[in-house]
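structure-v7.txt follows; it contains compact mmCIF, C-alpha atoms.
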```txt
# COMPACT_ATOMS: atom_id res chain seq x y z
CA MET A 19 21.28 -0.35 139.72
CA LEU A 20 23.24 2.70 140.98
CA THR A 21 25.28 4.05 138.08
CA LEU A 22 28.16 6.54 138.38
CA SER A 23 25.96 9.41 137.23
CA THR A 24 23.14 8.60 139.62
CA TYR A 25 25.67 8.21 142.45
CA ASP A 26 27.07 11.68 141.73
CA THR A 27 23.56 13.10 141.90
CA PHE A 28 22.89 11.25 145.14
CA LYS A 29 26.18 12.49 146.64
CA LYS A 30 25.26 16.05 145.74
CA TYR A 31 22.20 15.88 147.95
CA ILE A 32 23.77 14.14 150.92
CA GLN A 33 27.07 16.07 150.96
CA PRO A 34 25.78 19.26 152.68
CA GLN A 35 24.60 17.18 155.63
CA MET A 36 28.04 15.69 156.05
CA THR A 37 30.03 18.95 156.15
CA LYS A 38 30.56 21.64 158.78
CA PRO A 39 28.27 24.66 158.81
CA PRO A 40 29.40 27.14 156.11
CA SER A 41 30.12 29.79 158.74
CA GLU A 42 32.87 27.72 160.36
CA LYS A 43 36.15 27.54 158.48
CA SER A 44 38.51 24.57 158.57
CA TYR A 45 41.93 25.32 160.04
CA HIS A 46 45.08 23.38 160.69
CA HIS A 47 46.04 23.42 164.36
CA LYS A 48 48.77 26.06 163.91
CA ASP A 49 46.79 28.15 161.42
CA LEU A 50 43.89 28.63 163.82
CA ARG A 51 46.12 29.93 166.60
CA GLN A 52 47.75 32.49 164.33
CA SER A 53 44.41 33.47 162.81
CA LEU A 54 43.05 34.17 166.29
CA ILE A 55 46.05 36.37 167.09
CA LYS A 56 45.64 38.24 163.81
CA ALA A 57 41.92 38.77 164.43
CA ALA A 58 42.61 40.05 167.94
CA LEU A 59 45.07 42.59 166.56
CA GLU A 60 42.55 43.77 163.97
CA LEU A 61 39.88 44.25 166.63
CA ILE A 62 42.28 46.08 168.94
CA ALA A 63 43.20 48.39 166.04
CA GLN A 64 39.52 49.23 165.63
CA LYS A 65 38.89 49.74 169.33
CA GLN A 66 42.35 51.11 170.23
CA ASP A 67 41.75 49.22 173.46
CA ALA A 68 42.38 45.61 174.43
CA SER A 69 40.35 45.61 177.65
CA THR A 70 36.98 45.13 175.91
CA LEU A 71 38.16 42.34 173.63
CA SER A 72 36.36 38.99 173.97
CA LEU A 73 37.15 35.53 172.67
CA ARG A 74 33.62 35.35 171.29
CA GLU A 75 34.11 38.31 168.96
CA VAL A 76 37.55 37.06 167.96
CA ALA A 77 36.01 33.70 167.03
CA ARG A 78 33.27 35.45 165.10
CA ARG A 79 35.79 37.49 163.12
CA VAL A 80 37.80 34.38 162.21
CA GLY A 81 34.62 32.47 161.34
CA VAL A 82 34.86 29.60 163.81
CA SER A 83 32.69 28.41 166.67
CA ASN A 84 32.77 30.16 170.04
CA ALA A 85 34.48 27.10 171.50
CA ALA A 86 37.29 27.00 168.92
CA PRO A 87 39.61 29.59 170.57
CA TYR A 88 39.74 27.47 173.73
CA ARG A 89 41.75 24.85 171.82
CA HIS A 90 44.68 27.27 172.08
CA PHE A 91 43.87 29.85 174.76
CA ALA A 92 42.43 29.26 178.22
CA ASP A 93 40.93 32.75 178.29
CA LYS A 94 41.25 36.26 176.87
CA ASN A 95 44.37 36.98 178.93
CA ALA A 96 46.14 34.00 177.41
CA LEU A 97 45.34 35.30 173.93
CA LEU A 98 46.61 38.77 174.84
CA ALA A 99 49.78 37.22 176.27
CA ALA A 100 50.36 35.52 172.90
CA VAL A 101 49.82 38.84 171.11
CA ALA A 102 52.29 40.56 173.44
CA GLU A 103 54.85 37.79 173.05
CA GLU A 104 54.68 38.05 169.27
CA GLY A 105 55.11 41.82 169.60
CA PHE A 106 58.25 41.51 171.70
CA TYR A 107 59.83 39.14 169.18
CA ILE A 108 59.08 41.58 166.36
CA LEU A 109 60.53 44.42 168.45
CA THR A 110 63.69 42.40 169.08
CA ARG A 111 64.11 41.89 165.33
CA TYR A 112 63.75 45.65 164.82
CA LEU A 113 66.41 46.35 167.45
CA HIS A 114 68.89 43.75 166.17
CA SER A 115 68.40 44.86 162.57
CA SER A 116 69.10 48.49 163.45
CA ILE A 117 72.33 47.56 165.24
CA GLU A 118 73.50 45.23 162.48
CA ASN A 119 73.15 48.02 159.92
CA THR A 120 75.21 50.60 161.79
CA SER A 121 78.76 51.10 163.03
CA ASP A 122 80.47 49.25 165.88
CA ASP A 123 80.22 52.31 168.12
CA PRO A 124 78.07 51.27 171.14
CA LEU A 125 76.76 54.82 171.58
CA HIS A 126 75.55 54.92 168.00
CA GLN A 127 74.11 51.42 168.36
CA LEU A 128 72.19 52.52 171.43
CA GLN A 129 70.82 55.54 169.62
CA VAL A 130 69.69 53.65 166.49
CA SER A 131 68.10 50.96 168.63
CA GLY A 132 66.12 53.67 170.41
CA VAL A 133 64.92 55.06 167.08
CA ALA A 134 64.07 51.52 165.93
CA TYR A 135 62.00 51.07 169.09
CA VAL A 136 59.87 54.11 168.20
CA LYS A 137 59.55 52.92 164.59
CA PHE A 138 58.28 49.57 165.82
CA ALA A 139 55.67 51.21 168.03
CA ILE A 140 54.20 53.38 165.27
CA SER A 141 54.26 50.46 162.82
CA HIS A 142 52.66 47.98 165.25
CA PRO A 143 50.46 50.07 167.58
CA SER A 144 48.07 47.20 168.40
CA HIS A 145 50.94 44.93 169.43
CA TYR A 146 52.44 47.80 171.41
CA ARG A 147 49.28 48.56 173.38
CA VAL A 148 48.96 44.93 174.42
CA MET A 149 52.65 44.50 175.23
CA PHE A 150 52.49 47.15 177.90
CA SER A 151 49.16 46.21 179.40
CA ALA A 152 49.25 42.40 179.27
CA PHE A 153 52.96 42.05 180.02
CA LYS A 154 54.17 42.06 183.62
CA ALA A 155 57.82 41.44 184.46
CA ASP A 156 56.93 39.22 187.46
CA ASN A 157 54.03 37.36 185.88
CA LEU A 158 54.89 33.67 186.18
CA CYS A 159 51.76 32.57 184.33
CA TYR A 160 53.35 33.31 180.95
CA PRO A 161 57.06 32.42 181.10
CA SER A 162 57.55 32.58 177.32
CA LEU A 163 56.14 36.10 177.32
CA ASN A 164 58.52 37.13 180.08
CA ALA A 165 61.43 35.60 178.16
CA ALA A 166 60.47 37.52 175.01
CA GLY A 167 60.27 40.79 176.94
CA GLN A 168 63.62 40.23 178.63
CA GLU A 169 65.23 39.40 175.27
CA ALA A 170 64.11 42.74 173.84
CA PHE A 171 65.29 44.63 176.92
CA ALA A 172 68.67 42.87 176.80
CA VAL A 173 69.49 44.41 173.41
CA MET A 174 69.68 47.93 174.92
CA MET A 175 71.30 46.71 178.13
CA ASN A 176 74.03 44.86 176.23
CA ALA A 177 74.79 47.93 174.12
CA ILE A 178 75.24 49.94 177.32
CA ALA A 179 77.47 47.28 178.89
CA SER A 180 79.64 47.18 175.74
CA GLY A 181 79.97 50.96 175.80
CA GLN A 182 81.07 50.85 179.43
CA GLN A 183 83.72 48.24 178.69
CA LEU A 184 85.12 50.50 175.97
CA GLY A 185 85.03 53.51 178.28
CA LYS A 186 82.48 55.37 176.15
CA ILE A 187 79.52 55.20 178.55
CA LYS A 188 79.69 56.41 182.13
CA VAL A 189 79.99 53.96 184.99
CA GLY A 190 76.72 52.72 186.43
CA GLU A 191 74.47 49.70 186.68
CA PRO A 192 73.75 48.75 183.03
CA ARG A 193 70.24 47.59 183.89
CA GLN A 194 69.34 50.93 185.48
CA LEU A 195 70.77 52.90 182.55
CA ALA A 196 68.78 50.64 180.19
CA TRP A 197 65.64 51.41 182.21
CA VAL A 198 66.25 55.12 181.63
CA THR A 199 66.74 54.51 177.90
CA TRP A 200 63.64 52.34 177.68
CA SER A 201 61.57 54.88 179.62
CA LEU A 202 62.48 57.69 177.24
CA VAL A 203 61.68 55.86 174.01
CA HIS A 204 58.58 54.25 175.53
CA GLY A 205 57.20 57.63 176.57
CA LEU A 206 57.82 59.08 173.11
CA ALA A 207 56.28 56.03 171.44
CA MET A 208 53.11 56.25 173.54
CA LEU A 209 52.69 59.96 172.82
CA LEU A 210 52.98 59.24 169.11
CA ILE A 211 50.58 56.29 168.86
CA ASP A 212 48.05 58.12 171.06
CA HIS A 213 48.35 61.14 168.73
CA GLN A 214 49.38 63.41 171.59
CA LEU A 215 52.09 65.00 169.43
CA PRO A 216 51.22 66.89 166.21
CA ILE A 217 53.47 64.68 164.09
CA ILE A 218 52.28 62.23 161.46
CA ASP A 219 55.01 62.28 158.80
CA GLU A 220 57.45 59.40 159.27
CA GLN A 221 60.49 61.55 158.55
CA ASP A 222 59.43 64.02 161.23
CA ILE A 223 58.84 61.17 163.67
CA VAL A 224 62.31 59.75 163.01
CA ALA A 225 63.84 63.21 163.40
CA VAL A 226 62.22 63.69 166.82
CA ALA A 227 63.27 60.18 167.89
CA GLU A 228 66.85 60.89 166.81
CA LEU A 229 66.87 64.19 168.73
CA ALA A 230 65.50 62.55 171.88
CA THR A 231 67.92 59.61 171.78
CA GLN A 232 70.88 61.89 170.96
CA SER A 233 70.11 63.96 174.06
CA LEU A 234 70.03 60.75 176.09
CA ILE A 235 73.32 59.53 174.62
CA ASN A 236 75.03 62.85 175.37
CA GLY A 237 74.07 62.41 179.01
CA MET A 238 75.51 58.90 179.10
CA ARG A 239 78.93 59.68 177.68
CA SER A 240 81.79 58.95 180.04
```

Could you show the structure in this file as structure tokens?
Amino acid sequence: MLTLSTYDTFKKYIQPQMTKPPSEKSYHHKDLRQSLIKAALELIAQKQDASTLSLREVARRVGVSNAAPYRHFADKNALLAAVAEEGFYILTRYLHSSIENTSDDPLHQLQVSGVAYVKFAISHPSHYRVMFSAFKADNLCYPSLNAAGQEAFAVMMNAIASGQQLGKIKVGEPRQLAWVTWSLVHGLAMLLIDHQLPIIDEQDIVAVAELATQSLINGMRS
């Protein structure tokens, strides 16, 4: 007769054969996708390069089978697109937050959003590297990524358009003026995260970003 105690002993011996290998973790559908993105960012931070990343090493870092990433991403580019998309949404939050915490002056809003852009880059360098290598404005393969990038760009463009309506920013195509603004802060951000400028203290970084954006704003005044 199989008693409760003998059943527990029996179950102890058969249970390992009924479970997944210990090296493969169990994830909910959404958790696995986010874990893969997080692992990709960690690997990019180590390499400082996204081009050599592979789905196999991402899977290994998460602790799942080599096939598991393909439940969410068709290939490495799809994973990088997801990383870039997440980065653009974080950047947009940075930009909106900076504007919400300042005055109603469009020129000041444009300046603080430029500083916030640089702060985002130095705080999220792995996201930033992928955003401007995986992201292409005309890439129709990843429409949600394009939408996220355009949303971030629109924050600066809208600030410029508002300043023009109030007569504080010179006349010109808002999109082109936003390109100039974006180019300046992007160049500064890349120099900083690539350690091409001898600045590591956050206060010094903010001071340089404020000086650069103030020079830009002075040139845009009407």

- Task: Go ahead and compute the interatomic distance for atom CA of A:Leu184 and atom CA of A:Val226, in Å to one decimal.
- Result: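 One can read the atom CA of A:Leu184 to atom CA of A:Val226 distance as 28.0 Å.
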
- Determine, counting all atoms listed in the file, which protein, DNA and RNA residues have an atom within 8 Å of an atom of A:Ile187; residues of the same chain fewer than 5 positions away are not included. Present the result as a PyMOL selection string. chain A and resi 125+178+181-182+238-240

- Query: How many Å lie between atom CA of A:Ile235 and atom CA of A:Met174, rounded to one decimal?
  - Reply: 12.2 Å

- If I put a ball of radius 12 Å at (44.8, 52.3, 164.4) in the file's coordinates, which residues poke into it when counting all atoms listed in the file, written as a ChimeraX atom specification? /A:59-67,139-147,210-213

- Message: List as a ChimeraX atom specification the residues having at least one atom at most 12 Å from position (66.3, 54.7, 168.9) as given in the file, counting only C-alpha atoms.
- Response: /A:109,112-117,125-139,173-174,199-204,206-207,223-235

- Selected residue, from A:Gln194, A:Gly167, A:Ala172, A:Ala177, that lies nearest to A:Ile108 when counting only C-alpha atoms: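 Looking at the shortest contact to A:Ile108, the residue is A:Gly167.
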
- Nearest to A:Asn84, chosen from A:Asn119, A:Thr110, A:Ser53, A:Ser72, with all atoms listed in the file counted in the distances: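 Result for the nearest residue to A:Asn84: A:Ser72.
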
- Item | d(atom CA of A:Asn164, atom CA of A:Ala100) in Å | 11.0 Å

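Of the listed residues (A:Val82, A:Asp123, A:Ala57, A:Ile218), A:Asp123 comes nearest to A:Ser180; the distances count only C-alpha atoms.
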
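Among the candidates A:Gln221, A:Asn236, A:Asn95, A:Ser121, the residue lying nearest to A:Thr70 is A:Asn95 (atoms considered: only C-alpha atoms).
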